[in-house]
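Shown next, in structure tokens, is the structure this report addresses.
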Amino acid sequence: MPATPLQRHDLVWLHASAWQRVLAGTDDEPPWDAAALDCLRHWAAADLPLVVTRQPPPGPGAPAPSILTLGLAAPRAWGRQRLFVRTARAGVRRRGAFPPLAQVTDQLPGAARAGARALDAALRAAGVVARVYGSHGWQALTGWPTLHAGSDVDLLLPVADAEQARAAVQALAGAAFAQTRLDGELLFADGTAVAWREWAAWRAGAVAQLLVKRLHGAALLPGAAVGR
């Protein structure tokens with residue numbers, strides 16, 4: 001696995017040996033129920049990725065924990081469960097990312113597709129390549145039906161600083177997506193993330209603090225401290 005730090009929403013693929021340990025269960029996890037085990041067996045056989053979720057914080061002066069918490073959103077066939085597994089970092093074979101918005105547009109409702117293309121162009125003009133996670137992202141990755149009628153489009157928006165975040169939010173606020181709700185996070189270069197709607201509310205003076213998410217936790221911080 002590359003030495004660069006993991007971030008929330010990164011995708012990882014496991015070695016076969018790591019999948020064997022996941023499917024066998026561990027001493028600190030209860031046995032999987034039948035649906036969860038069937039889904040995980042499919043994930044392993046199809047070599048599908050897991051997503052990096054929030055991790056326990058390391059102790060003071062301690063290195064990064066050797067065990068990762070990873071997740072997946074099970075398709076409808078397995079009840080749309082959110083499954084979480086723990087595995088050693090050494091079990092990660094490679095890393096990747098959720099698909100860009102341009103690759104997901106065709107699975108959106110027909111009335112939302114033109115708006116998605118226009119939004120993608122506006123974001124790219126601001127230097128932002130939006131990636132789609134959540135139900136739309138998982139369906140694009142796996143090919144399995146994951147969506148329901150009210151599925152949001154969750155966008156991960158990597159931004160360099162507050163100015164680029166402002167440009168991204170301006171593009172989002174002007175997007176026309178019919179009845180499809182746009183959600184997601186601004187991801188800053190230091191690994192901190194905030195919901196783009198909360199950032200917009202702060203910019204409008206409606207809130208003073210933002211819920212800032214990191215790999216190892218979350219905290220309320222003054223909006224001016226984010227993206228500096």
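Scheme for the structure tokens: letters A, B, ... for chains in order shown; per-chain residue numbers from 1; ligand numbers from 1 in order shown.
For Ala77 (chain A), the non-local neighbours within 9 Å, defined as residues at least 6 positions apart in the same chain or in other chains and counting only C-alpha atoms, are Ala35, Cys39, Trp144, Pro145 and Thr146 of chain A.
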DSSP strand (DSSP E) selection over region 18-115 of chain A, as an MDAnalysis selection string:
chainID A and resid 50:52 67:73 82:88 92:96
Mind writing the picked residues with N, CA and C atoms as a compact mmCIF listing (two decimals), in the first residue's frame?
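Okay, this is what ended up in again01.txt:
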```txt
# COMPACT_ATOMS: atom_id res chain seq x y z
N LEU A 50 -13.56 -1.60 -0.52
CA LEU A 50 -14.16 -1.10 0.72
C LEU A 50 -13.75 0.36 0.86
N VAL A 51 -14.48 1.10 1.70
CA VAL A 51 -14.20 2.52 1.86
C VAL A 51 -13.61 2.78 3.24
N VAL A 52 -12.65 3.69 3.29
CA VAL A 52 -12.05 4.08 4.57
C VAL A 52 -13.04 4.95 5.33
N ILE A 67 -4.64 -1.55 12.60
CA ILE A 67 -5.93 -2.09 12.18
C ILE A 67 -6.77 -0.97 11.59
N LEU A 68 -7.36 -1.22 10.42
CA LEU A 68 -8.22 -0.25 9.76
C LEU A 68 -9.68 -0.65 9.91
N THR A 69 -10.56 0.35 10.02
CA THR A 69 -11.99 0.13 9.94
C THR A 69 -12.45 0.55 8.55
N LEU A 70 -13.07 -0.37 7.84
CA LEU A 70 -13.50 -0.16 6.46
C LEU A 70 -14.98 -0.48 6.34
N GLY A 71 -15.64 0.08 5.35
CA GLY A 71 -17.08 -0.13 5.22
C GLY A 71 -17.51 -0.36 3.78
N LEU A 72 -18.76 -0.73 3.65
CA LEU A 72 -19.40 -0.80 2.34
C LEU A 72 -20.90 -0.59 2.53
N ALA A 73 -21.54 -0.09 1.47
CA ALA A 73 -23.00 0.05 1.46
C ALA A 73 -23.55 -1.09 0.62
N ARG A 82 -25.36 -1.27 6.03
CA ARG A 82 -24.03 -0.66 6.07
C ARG A 82 -23.15 -1.61 6.88
N LEU A 83 -22.17 -2.18 6.24
CA LEU A 83 -21.31 -3.18 6.87
C LEU A 83 -19.94 -2.57 7.15
N PHE A 84 -19.38 -2.93 8.29
CA PHE A 84 -18.06 -2.44 8.69
C PHE A 84 -17.18 -3.62 9.05
N VAL A 85 -15.96 -3.60 8.57
CA VAL A 85 -15.02 -4.67 8.86
C VAL A 85 -13.72 -4.05 9.37
N ARG A 86 -12.98 -4.85 10.08
CA ARG A 86 -11.66 -4.44 10.57
C ARG A 86 -10.61 -5.37 9.97
N THR A 87 -9.53 -4.77 9.48
CA THR A 87 -8.48 -5.57 8.88
C THR A 87 -7.14 -4.87 9.07
N ALA A 88 -6.07 -5.63 9.01
CA ALA A 88 -4.74 -5.06 9.16
C ALA A 88 -4.39 -4.20 7.95
N VAL A 92 -4.18 -4.42 2.84
CA VAL A 92 -4.61 -3.55 1.73
C VAL A 92 -3.67 -3.74 0.55
N ARG A 93 -4.23 -4.10 -0.59
CA ARG A 93 -3.45 -4.35 -1.80
C ARG A 93 -3.24 -3.09 -2.62
N ARG A 94 -4.28 -2.27 -2.75
CA ARG A 94 -4.15 -1.02 -3.50
C ARG A 94 -5.23 -0.05 -3.06
N ARG A 95 -5.08 1.19 -3.50
CA ARG A 95 -6.02 2.25 -3.16
C ARG A 95 -6.60 2.86 -4.41
N GLY A 96 -7.74 3.53 -4.25
CA GLY A 96 -8.37 4.22 -5.37
C GLY A 96 -9.37 5.23 -4.86
```
Please provide as a list in words all residues within 7 Å of Asp154 (chain A), with the sequence filter that same-chain residues fewer than 6 positions apart are discarded (counting only C-alpha atoms).
Val132, Tyr133, Gly134, Leu182, Asp183 and Gly184 of chain A
Dump N, CA and C atoms for the selected residues as a PDB file, in the first residue's frame?
```
ATOM      1  N   VAL A 132     -18.269  11.025  -6.775  1.00  0.00           N
ATOM      2  CA  VAL A 132     -19.590  10.663  -6.277  1.00  0.00           C
ATOM      3  C   VAL A 132     -19.458   9.449  -5.367  1.00  0.00           C
ATOM      4  N   TYR A 133     -19.836   9.638  -4.093  1.00  0.00           N
ATOM      5  CA  TYR A 133     -19.854   8.516  -3.167  1.00  0.00           C
ATOM      6  C   TYR A 133     -21.313   8.225  -2.811  1.00  0.00           C
ATOM      7  N   GLY A 134     -21.570   7.542  -1.694  1.00  0.00           N
ATOM      8  CA  GLY A 134     -22.952   7.213  -1.341  1.00  0.00           C
ATOM      9  C   GLY A 134     -23.550   6.212  -2.319  1.00  0.00           C
ATOM     10  N   LEU A 182     -28.604  17.469  -3.912  1.00  0.00           N
ATOM     11  CA  LEU A 182     -27.149  17.430  -3.909  1.00  0.00           C
ATOM     12  C   LEU A 182     -26.636  17.545  -2.481  1.00  0.00           C
ATOM     13  N   ASP A 183     -25.798  16.612  -2.083  1.00  0.00           N
ATOM     14  CA  ASP A 183     -25.207  16.655  -0.750  1.00  0.00           C
ATOM     15  C   ASP A 183     -23.711  16.424  -0.897  1.00  0.00           C
ATOM     16  N   GLY A 184     -23.018  16.289   0.218  1.00  0.00           N
ATOM     17  CA  GLY A 184     -21.603  15.954   0.145  1.00  0.00           C
ATOM     18  C   GLY A 184     -20.730  16.889   0.940  1.00  0.00           C
TER      19      GLY A 184
END
```
Given the choices A:Arg124, A:His15, A:His9, A:Arg181, which gets closest to Pro99 (chain A) if the distance is worked out from only C-alpha atoms?
A:His9
Exercise: Ala165 (chain A) partners within 12 Å, only C-alpha atoms, chain neighbours under 4 positions left out, as a PyMOL selection string:
chain A and resi 123+126-128+130+156-161+169-172+185-189+193-200+203+226-228
Write the residues of the preceding selection, restricted to C-alpha atoms, as a JSON list (two decimals), in the first residue's frame.
```json
[["chain", "number", "residue", "atom", "x", "y", "z"],
["A", 123, "LEU", "CA", -16.70, 22.72, -11.04],
["A", 126, "ALA", "CA", -12.94, 26.13, -10.84],
["A", 127, "GLY", "CA", -10.32, 23.37, -10.76],
["A", 128, "VAL", "CA", -12.51, 20.94, -8.78],
["A", 130, "ALA", "CA", -16.16, 16.13, -8.01],
["A", 156, "LEU", "CA", -16.76, 14.69, -2.56],
["A", 157, "LEU", "CA", -15.18, 18.00, -3.56],
["A", 158, "PRO", "CA", -11.39, 18.23, -3.12],
["A", 159, "VAL", "CA", -10.43, 21.91, -2.73],
["A", 160, "ALA", "CA", -7.08, 23.55, -2.09],
["A", 161, "ASP", "CA", -8.27, 26.43, 0.06],
["A", 169, "VAL", "CA", -20.16, 26.16, -3.45],
["A", 170, "GLN", "CA", -21.18, 28.90, -5.87],
["A", 171, "ALA", "CA", -21.37, 26.29, -8.65],
["A", 172, "LEU", "CA", -23.34, 23.91, -6.42],
["A", 185, "GLU", "CA", -18.42, 17.43, 1.54],
["A", 186, "LEU", "CA", -15.66, 19.87, 0.77],
["A", 187, "LEU", "CA", -12.35, 18.08, 1.35],
["A", 188, "PHE", "CA", -9.44, 20.42, 2.09],
["A", 189, "ALA", "CA", -5.78, 19.68, 1.39],
["A", 193, "ALA", "CA", -13.85, 18.01, 5.50],
["A", 194, "VAL", "CA", -17.08, 19.94, 6.02],
["A", 195, "ALA", "CA", -20.52, 19.53, 4.51],
["A", 196, "TRP", "CA", -20.76, 21.96, 1.61],
["A", 197, "ARG", "CA", -24.23, 23.09, 2.71],
["A", 198, "GLU", "CA", -22.88, 23.95, 6.18],
["A", 199, "TRP", "CA", -20.01, 25.86, 4.58],
["A", 200, "ALA", "CA", -22.52, 27.79, 2.48],
["A", 203, "ARG", "CA", -20.51, 32.01, 4.35],
["A", 226, "VAL", "CA", -11.35, 25.95, 8.12],
["A", 227, "GLY", "CA", -9.51, 25.96, 4.81],
["A", 228, "ARG", "CA", -6.89, 28.50, 5.83]]
```
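CA of Ala112 (chain A) is positioned 16.9 Å from CA of Gln139 (chain A).
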Quick check, in Å to one decimal: how far apart do CA of Glu163 (chain A) and CA of Gln55 (chain A) lie?
28.9 Å
Just to confirm, what's the straight-line distance from CA of Ala114 (chain A) to CA of Val153 (chain A) in Å (one decimal)?
14.3 Å
Neighbour list for Thr105 (chain A) as a count of residues only, cut-off 8 Å, only C-alpha atoms, skip fewer than 4 positions in-chain:
4
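Distance annotation: of A:Ala34, A:Ala122, A:Ala218, A:Ala102, the residue with the minimal separation from Pro57 (chain A) is A:Ala218; atom set is only C-alpha atoms.
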Selection: 9 Å around Gly91 (chain A), only C-alpha atoms, excl. self and same-chain fewer than 3 positions, as JSON, numbers by chain
{"A": [1, 13, 14, 15, 16, 17, 18, 19, 87, 88]}
Kindly export the residues of the current selection with C-alpha atoms, as a short mmCIF file (atom, residue, chain, number, x, y, z; two decimals), in the first residue's frame.
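Here's the written file again.cif:
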```
data_model
loop_
_atom_site.label_atom_id
_atom_site.label_comp_id
_atom_site.auth_asym_id
_atom_site.auth_seq_id
_atom_site.Cartn_x
_atom_site.Cartn_y
_atom_site.Cartn_z
CA MET A 1 0.00 0.00 0.00
CA TRP A 13 -8.86 -3.34 -2.27
CA LEU A 14 -7.79 -6.22 -0.03
CA HIS A 15 -5.48 -9.15 -0.55
CA ALA A 16 -7.24 -12.52 -0.73
CA SER A 17 -5.67 -13.51 2.59
CA ALA A 18 -7.16 -10.43 4.27
CA TRP A 19 -10.60 -11.30 2.91
CA THR A 87 -8.48 -5.57 8.88
CA ALA A 88 -4.74 -5.06 9.16
#
```
